[in-house]
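Visitor: Sharing a structure, written as structure tokens. Questions coming.
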Amino acid sequence: MWNWLRQIKDSITQKTTGLMRMQFWRDAVEGIYCDNPPHQPIATELWRAVKRHNLTKMWFMKIIDEREKNLDDRAYRNIQELEKYAENTQSALLYLTLEMLGVRDVHADHAASHIGKAQGIVTCLRATPYHCTRQKVFLPMDICMLHGVSQEDFIRGKQEKNVRDVIYDIASQAHIHLEHARSFSKKVPVKAYPAFFCTVALDDYLCNVRKVDFNIFHPSLQRKSTLLPLHLYIRSWKRTY
């Protein structure tokens with residue numbers, strides 16, 4: 001379901017089509033919680049998961065509603081708007097993952113909130129070169145304006161210091177959220193950790209973007225990291241996120 005929702009925006013040419021697809025999933029979730037899922041493979045499996053783990057309906061609806069709002073092709077007005085989007089999508093998905101792991105803990109929820117926000121911010125950064133090839137920029141406008149950078153500067157692939165300063169500020173916010181999430185680590189149940197191993201990929205990207213002096217267009221940032229599996233194993237072995 002998550003991939004379907006994520007791909008809707010990039011696969012449509014008219015917003016009306018996207019709204020119809022979002023409504024399908026909204027109706028599907030309503031049907032699932034009425035024990036009447038639509039005859040669709042993903043919906044059927046989702047219904048089974050809901051029954052097995054007693055998943056909270058609200059998180060599904062938040063994800064759908066926020067994805068629907070995001071169908072408009074416009075930049076985030078500020079970093080807070082990006083964080084809200086991340087909270088209602090990435091964090092909501094982590095809350096559901098915690099429920100599937102049998103974890104219902106306030107400290108785990110706090111960590112999930114911050115990790116989800118960090119993931120949303122990093123995803124926005126990673127996708128920027130791709131979006132620029134389509135003449136679109138979604139980076140927070142308040143940070144761009146602070147450094148005197150226009151959307152056209154990103155579309156043209158400029159690498160001046162003020163452009164890199166925009167990326168530095170945004171990446172720093174993701175790092176802050178990861179630090180906040182880790183401040184709860186001693187209180188978070190160990191069985192919640194598998195939900196948070198996505199931090200391995202987030203750390204990897206933030207480290208790599210720092211190595212290239214926050215040049216978002218550097219080719220190395222588009223390559224897959226061969227060391228990710230090793231880092232994931234180490235993080236799992238140490239029981240930390």
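If you're wondering about the labels, chains in the structure tokens are A, B, ... by order shown, residues count from 1 in each chain, ligands from 1 in order shown.
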If you run DSSP on this backbone, which residues of range 48-165 of chain A come out as alpha helix (DSSP H), and could you give them as an NGL selection string?
Guide: :A and (48-53 or 57-69 or 79-86 or 92-100 or 106-133 or 141-146 or 151-155 or 161-165)
Visitor: So, counting only C-alpha atoms, which residue among A:Met141, A:Ile32, A:Met100, A:Leu232 is closest to Ile79 in chain A?
Guide: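 The answer is A:Met141, which sits nearest to Ile79 in chain A.
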Visitor: Under the rule that only C-alpha atoms are counted, which of A:Val190, A:Ala201, A:Val163, A:Leu206 is the nearest residue to His107 in chain A?
Guide: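 Of A:Val190, A:Ala201, A:Val163, A:Leu206, the one nearest His107 in chain A, counting only C-alpha atoms, is A:Val190.
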Visitor: CA of Asp10 in chain A and CA of Met61 in chain A, how far apart in Å?
Guide: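 Here the two named atoms are 20.6 Å from each other.
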Visitor: Out of A:Thr16, A:Thr240, A:Ser113, A:Gln90, which residue has the shortest atom-to-atom distance to Phe197 in chain A when counting only C-alpha atoms?
Guide: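 With only C-alpha atoms as the atom set, the closest residue is A:Thr240.
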Visitor: Taking only C-alpha atoms into account, name the residue in A:Phe214, A:Tyr85, A:Tyr193, A:Phe184 that is nearest to Asn162 in chain A.
Guide: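 With only C-alpha atoms as the atom set, the closest residue is A:Phe214.
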Visitor: I'd like the neighbourhood of Ala28 in chain A as a list in words, where a residue qualifies if any of its atoms comes within 10 Å (using only C-alpha atoms), though same-chain residues fewer than 4 positions away should be ignored.
Guide: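 Residues meeting the cut-off are Met22, Gln23, Phe24, Ile32, Tyr33, Cys34, Asn36, Pro37, Pro38, His39, Gln40, Ile42, Ala43, Thr44, Leu46 and Trp47 of chain A.
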Visitor: I'd like the neighbourhood of Leu94 in chain A as a VMD selection string, where a residue qualifies if any of its atoms comes within 12 Å (using only C-alpha atoms), though same-chain residues fewer than 4 positions away should be ignored.
Guide: chain A and resid 2 55 to 56 59 to 60 63 86 to 90 98 to 101 103 to 104 108 to 117 119 to 120 192 to 199
Visitor: Could you check which of A:Gln14, A:Ser150, A:Ser91, A:Asn78 is closest to Ala181 in chain A, using only C-alpha atoms?
Guide: A:Ser91
Visitor: Rank A:Leu71, A:Trp25, A:Arg126, A:His180 by their smallest atom-to-atom distance to Thr13 in chain A, using only C-alpha atoms, and report the top residue only.
Guide: A:Leu71
